[in-house]
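Working notes, structure below.
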There are 2 protein chains.
Amino acid sequence: MKVLCKKEDLILGINTVQRAVSSKNTLPILQGVRLRAENQNLWFEATDLEIGIRCQVPVNVQEEGQVVLPARLFSEIARKLPDTEIRIESTDNNINIFYDSSDFAVNGYDPEEYPEISDITSNESIELPALLFKSMIRKTIFACSVEETRPVFTGVLLQVNKENITLVGTDTHRLALSNEVLQGNQKEFNGIIPAKTLHEIYRLMEDDDSILISFNNSRIIFKFSQVQIVTRLIEGQFPSYKQVIPATCNTKLLIYTRKLMDAVERASLLSKDNYLKTNTVRFNIENSHININHFSEMGKVFEQLEVEQNGEDVAISFNAKYIIDLLKVVDTENVVMEVSGPSSPCIFRPESNDKYLCLVLPLRN
Amino acid sequence: MKVLCKKEDLILGINTVQRAVSSKNTLPILQGVRLRAENQNLWFEATDLEIGIRCQVPVNVQEEGQVVLPARLFSEIARKLPDTEIRIESTDNNINIFYDSSDFAVNGYDPEEYPEISDITSNESIELPALLFKSMIRKTIFACSVEETRPVFTGVLLQVNKENITLVGTDTHRLALSNEVLQGNQKEFNGIIPAKTLHEIYRLMEDDDSILISFNNSRIIFKFSQVQIVTRLIEGQFPSYKQVIPATCNTKLLIYTRKLMDAVERASLLSKDNYLKTNTVRFNIENSHININHFSEMGKVFEQLEVEQNGEDVAISFNAKYIIDLLKVVDTENVVMEVSGPSSPCIFRPESNDKYLCLVLPLRN
């Protein structure tokens with residue numbers, strides 16, 4: 001392999017794939033990144049066997065070939081290279097990086113031993129604007145569980161059904177659902193995508209990209225710009241979420257989003273470890289006001305918010321972190337809160353938007 | 001105490017003094033910040049008994065008084081307050097913060113038990129532009145030691161002698177010296193200022209401030225804008241640094257600063273823990289070039305830089321971190337390097353600038 005390129009090409013490639021590099025030390029070669037020179041492109045590839053990312057960067061290929069290098073070292077070198085022409089040549093498993101009158105030699109791994117990140121040969125695919133998909137990811141991914149014990153909750157359900165595309169995340173205490181229109185679509189799909197994969201897609205997609213999603217029963221591939229991300233689907237049965245969403249409510253509030261967020265955040269400050277443990281916040285809803293009373297050995301706080309109230313008075317308690325998390329993704333000035341009673345699931349929605357909701361289970365008092 | 005103010009007033013005050021709050025748990029009250037309302041000003045004060053910071057913020061004082069509050073909690077509350085008028089009232093040792101229809105009560109400490117941060121009544125003082133003093137701090141402080149075992153090396157020597165002001169930092173392996181003119185001055189001073197104090201001054205001074213420095217035998221106070229920082233001087237004898245600076249050299253080089261930095265940084269990448277352990281870099285200086293050869297089990301690097309060389313060829317080794325640290329504060333395009341032999345102190349200076357130098361002891365090969 002022999003290529004001529006610029007520092008930026010190498011940084012772009014390694015930055016794109018680096019998070020798929022295994023952080024565990026099981027198999028040393030998985031700490032590597034594969035560089036493959038082919039057809040005037042340098043392909044960067046990394047995988048931890050769960051997620052695989054590939055990125056294609058146009059360079060001047062003088063001799064095709066491939067090599068696997070320690071990802072972290074290669075990334076650090078790339079960032080420190082000068083802004084001159086860089087020449088990369090491989091000899092056996094090692095590469096030399098030439099610049100100015102200098103020469104960096106890095107010991108690599110045998111590329112034949114590196115796992116293949118194979119494409120999905122399927123004509124089952126959908127396409128949608130990146131900006132739309134990013135927004136759906138942002139609004140649902142926070143509700144996933146970070147505990148590995150029950151894998152289905154560490155992923156987000158993707159449902160494609162005719163002209164509907166839905167993402168759902170839940171950790172069983174809360175559920176976030178984003179629904180959008182997929183005009184003209186006839187395909188169907190149901191699969192749980194690891195949250196890590198969606199994080200990477202969110203990080204790497206530019207707003208003006210378009211994303212092509214292809215899938216089969218066990219795997220899914222996302223293609224946008226010069227990037228491809230392949231991942232295994234999470235096995236298991238996602239809970240039937242539709243039946244836990246209440247169709248009606250007894251109390252409906254319209255609340256200034258920013259003020260509710262600030263009030264809940266302030267009340268949280270009085271718990272010593274703040275967000276580390278469950279931090280209860282109790283809403284006393286009466287007479288078109290939410291009153292929050294919170295105290296600890298450090299002091300006490302009384303917050304009062306004016307709201308638009310329809311329906312009966314009620315007192316309901318939540319994990320403050322869940323309320324803060326959901327309010328962060330509500331982009332409208334006001335948020336709608338639908339309460340069915342102190343122990344029933346409570347629904348939050350952006351004002352005048354029925355495409356998104358977040359359900360939170362109250363805490364017992 | 002009763003004051004009317006804005007969120008920004010509280011944030012400014014607490015941010016200014018917060019780093020003087022004790023991070024150790026010896027005396028609980030030292031985790032507090034004192035608020036003192038006096039003469040239409042709210043004074044914020046914090047001290048860990050070594051350093052004391054005071055900051056004066058003009059507010060509407062309706063009733064004078066003082067209170068000591070947990071600094072961290074108060075800072076978090078201030079940041080989360082709304083942008084409306086804030087009313088602060090104290091009752092005994094506690095305060096209430098009123099905003100909109102809400103009320104935050106924080107339990108405080110007895111202000112009578114809080115240590116006084118006393119001024120220095122001395123007419124021994126000098127004044128200089130903040131920008132100049134900041135530059136002197138930046139260029140010397142990095143050379144201080146972080147090890148507490150030998151206190152004099154954890155501070156920077158300040159010397160004022162007629163029209164000269166000098167800062168010197170050293171950890172015994174390297175020494176940084178910055179010298180400037182103090183026009184018309186007749187005062188004399190010699191004292192070691194804790195690096196932490198200088199860090200705070202550097203952080204808090206605006207470029208267009210002027211700084212007034214007053215001192216006596218044991219303490220020093222820095223006043224700029226609405227801030228006052230008092231600190232004890234470090235006791236002990238600072239080494240006679242002048243005699244270790246070589247007056248002549250056998251080899252003098254003029255090197256492109258950025259290229260030298262990049263080359264040393266790249267060579268450092270091949271050591272696994274990078275900057276954590278001593279990372280030797282060897283300069284082979286010959287024939288108007290610096291050649292760096294470095295290798296480890298991860299690979300090898302050969303760097304070659306063209307330089308302007310006067311004098312004999314020489315090979316000399318350094319701790320790479322020391323070279324990188326000093327090159328970061330050299331603001332000129334080229335740096336002068338003066339070598340007197342492989343085991344003699346080596347001097348680095350900005351090009352055409354005799355007000356600053358950094359001395360580095362070489363490593364034995």
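Residues in the structure tokens are numbered from 1 in each chain, the chains being A, B, ... in the order shown, and ligands are numbered from 1 in the order shown.
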
Chain A contacts on chain B, only C-alpha atoms, 6 Å, as a PyMOL selection string: chain B and resi 101-107+298-304

Who sits within 7 Å of Gly169 in chain B, only C-alpha atoms, same chain under 4 positions skipped, as a PyMOL selection string: chain B and resi 140-141+143-144+155-157+175-177

Which of range 37-266 of chain B fall in strand (DSSP E), as a ChimeraX atom specification: /B:37-38,41-47,51-58,60-63,65-70,86-91,94-99,102-106,125-129,155-161,164-170,174-181,188-194,210-215,219-224,227-232,251-256

Just-selected residues, C-alpha atoms written as an mmCIF file, in the first residue's frame:
```cif
data_model
loop_
_atom_site.group_PDB
_atom_site.id
_atom_site.type_symbol
_atom_site.label_atom_id
_atom_site.label_comp_id
_atom_site.auth_asym_id
_atom_site.auth_seq_id
_atom_site.Cartn_x
_atom_site.Cartn_y
_atom_site.Cartn_z
ATOM 1 C CA ALA B 37 -23.600 43.763 52.903
ATOM 2 C CA GLU B 38 -22.091 47.177 53.577
ATOM 3 C CA ASN B 41 -21.872 46.771 48.264
ATOM 4 C CA LEU B 42 -22.069 43.048 48.711
ATOM 5 C CA TRP B 43 -18.643 41.677 49.634
ATOM 6 C CA PHE B 44 -17.871 38.056 48.864
ATOM 7 C CA GLU B 45 -15.033 36.548 50.866
ATOM 8 C CA ALA B 46 -13.417 33.109 50.955
ATOM 9 C CA THR B 47 -10.232 31.768 52.453
ATOM 10 C CA ILE B 51 -5.067 32.381 50.303
ATOM 11 C CA GLY B 52 -7.935 34.794 50.814
ATOM 12 C CA ILE B 53 -10.013 36.355 48.040
ATOM 13 C CA ARG B 54 -12.462 39.240 48.420
ATOM 14 C CA CYS B 55 -14.706 40.677 45.767
ATOM 15 C CA GLN B 56 -16.911 43.742 45.957
ATOM 16 C CA VAL B 57 -20.138 43.854 43.973
ATOM 17 C CA PRO B 58 -22.390 46.937 44.000
ATOM 18 C CA ASN B 60 -28.968 47.652 46.594
ATOM 19 C CA VAL B 61 -28.319 47.164 50.341
ATOM 20 C CA GLN B 62 -31.438 47.733 52.397
ATOM 21 C CA GLU B 63 -29.999 46.443 55.639
ATOM 22 C CA GLY B 65 -25.199 42.455 57.823
ATOM 23 C CA GLN B 66 -23.284 39.301 57.053
ATOM 24 C CA VAL B 67 -23.759 35.577 56.651
ATOM 25 C CA VAL B 68 -21.603 32.514 55.818
ATOM 26 C CA LEU B 69 -23.066 29.959 53.407
ATOM 27 C CA PRO B 70 -21.897 26.618 51.976
ATOM 28 C CA ILE B 86 -33.400 38.556 43.661
ATOM 29 C CA ARG B 87 -33.985 39.502 47.297
ATOM 30 C CA ILE B 88 -31.672 38.086 49.932
ATOM 31 C CA GLU B 89 -32.529 38.271 53.611
ATOM 32 C CA SER B 90 -30.743 36.742 56.572
ATOM 33 C CA THR B 91 -32.252 35.474 59.794
ATOM 34 C CA ASN B 94 -29.463 31.422 57.614
ATOM 35 C CA ILE B 95 -30.539 33.182 54.464
ATOM 36 C CA ASN B 96 -33.620 33.265 52.322
ATOM 37 C CA ILE B 97 -33.349 33.926 48.603
ATOM 38 C CA PHE B 98 -36.621 35.234 47.151
ATOM 39 C CA TYR B 99 -37.387 35.348 43.404
ATOM 40 C CA SER B 102 -40.456 31.278 45.160
ATOM 41 C CA ASP B 103 -38.155 31.126 48.153
ATOM 42 C CA PHE B 104 -34.901 29.248 48.771
ATOM 43 C CA ALA B 105 -33.705 28.904 52.376
ATOM 44 C CA VAL B 106 -30.103 27.872 53.025
ATOM 45 C CA SER B 125 3.498 48.886 46.987
ATOM 46 C CA ILE B 126 3.984 48.822 43.250
ATOM 47 C CA GLU B 127 1.568 49.107 40.354
ATOM 48 C CA LEU B 128 1.788 47.663 36.860
ATOM 49 C CA PRO B 129 -0.451 46.803 33.893
ATOM 50 C CA GLY B 155 6.012 29.176 44.526
ATOM 51 C CA VAL B 156 7.329 31.842 42.196
ATOM 52 C CA LEU B 157 9.976 34.284 43.383
ATOM 53 C CA LEU B 158 8.949 37.931 42.970
ATOM 54 C CA GLN B 159 11.850 40.351 43.011
ATOM 55 C CA VAL B 160 11.381 44.093 42.818
ATOM 56 C CA ASN B 161 14.560 46.113 42.661
ATOM 57 C CA ASN B 164 13.275 45.891 37.615
ATOM 58 C CA ILE B 165 10.549 43.388 38.347
ATOM 59 C CA THR B 166 11.410 39.707 38.032
ATOM 60 C CA LEU B 167 9.471 36.462 38.398
ATOM 61 C CA VAL B 168 11.358 33.165 38.688
ATOM 62 C CA GLY B 169 9.919 29.671 38.885
ATOM 63 C CA THR B 170 11.947 26.484 39.241
ATOM 64 C CA ARG B 174 14.325 23.706 34.964
ATOM 65 C CA LEU B 175 13.993 27.399 35.626
ATOM 66 C CA ALA B 176 11.921 30.113 33.968
ATOM 67 C CA LEU B 177 12.762 33.777 34.411
ATOM 68 C CA SER B 178 10.769 36.780 33.263
ATOM 69 C CA ASN B 179 12.126 40.284 33.688
ATOM 70 C CA GLU B 180 10.358 43.585 32.995
ATOM 71 C CA VAL B 181 10.843 47.306 33.579
ATOM 72 C CA GLU B 188 12.376 46.764 46.972
ATOM 73 C CA PHE B 189 10.822 43.365 47.588
ATOM 74 C CA ASN B 190 11.838 39.724 47.661
ATOM 75 C CA GLY B 191 9.247 37.053 48.362
ATOM 76 C CA ILE B 192 7.987 33.661 47.207
ATOM 77 C CA ILE B 193 4.322 33.674 46.157
ATOM 78 C CA PRO B 194 2.388 30.383 46.136
ATOM 79 C CA SER B 210 -4.065 47.603 36.459
ATOM 80 C CA ILE B 211 -2.728 45.644 39.427
ATOM 81 C CA LEU B 212 -1.596 47.141 42.737
ATOM 82 C CA ILE B 213 0.712 44.922 44.780
ATOM 83 C CA SER B 214 1.365 45.719 48.472
ATOM 84 C CA PHE B 215 3.621 43.680 50.706
ATOM 85 C CA ARG B 219 2.179 38.631 53.368
ATOM 86 C CA ILE B 220 1.304 40.174 50.020
ATOM 87 C CA ILE B 221 -1.931 41.591 48.644
ATOM 88 C CA PHE B 222 -2.947 42.005 45.024
ATOM 89 C CA LYS B 223 -5.705 44.487 44.135
ATOM 90 C CA PHE B 224 -7.289 44.847 40.714
ATOM 91 C CA VAL B 227 -10.921 41.978 43.602
ATOM 92 C CA GLN B 228 -8.404 41.620 46.409
ATOM 93 C CA ILE B 229 -6.232 38.550 46.872
ATOM 94 C CA VAL B 230 -4.176 38.150 50.016
ATOM 95 C CA THR B 231 -1.667 35.396 50.556
ATOM 96 C CA ARG B 232 1.068 34.348 52.928
ATOM 97 C CA THR B 251 26.411 26.058 20.238
ATOM 98 C CA LYS B 252 23.686 28.553 19.403
ATOM 99 C CA LEU B 253 20.679 27.572 17.319
ATOM 100 C CA LEU B 254 17.772 29.459 15.836
ATOM 101 C CA ILE B 255 14.807 27.071 15.449
ATOM 102 C CA TYR B 256 11.301 27.428 14.079
#
```

Computed interatomic separation between CA of Glu113 in chain B and CA of Arg203 in chain B (Å):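 Interatomic distance, CA of Glu113 in chain B to CA of Arg203 in chain B: 28.9 Å.
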
DSSP alpha helix (DSSP H) residues within range 22-213 of chain A, as a ChimeraX atom specification: /A:71-80,130-140,195-204

Given only C-alpha atoms as the counted atoms, nearest of A:Thr257, A:Ser340, A:Glu312, A:Leu363 to Leu326 in chain A: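 Residue with the minimum atom-to-atom distance to Leu326 in chain A: A:Thr257.
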
Nearest residue to Asp209 in chain B from the set B:Val152, B:Ala130, B:Leu27, B:Val146 (distances using only C-alpha atoms):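 Among B:Val152, B:Ala130, B:Leu27, B:Val146, it is B:Ala130 that comes nearest to Asp209 in chain B.
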
Coordinates-based distance that separates CA of Leu361 in chain B from CA of Pro345 in chain B (Å, one decimal):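 According to the coordinates, CA of Pro345 in chain B and CA of Leu361 in chain B are separated by 4.6 Å.
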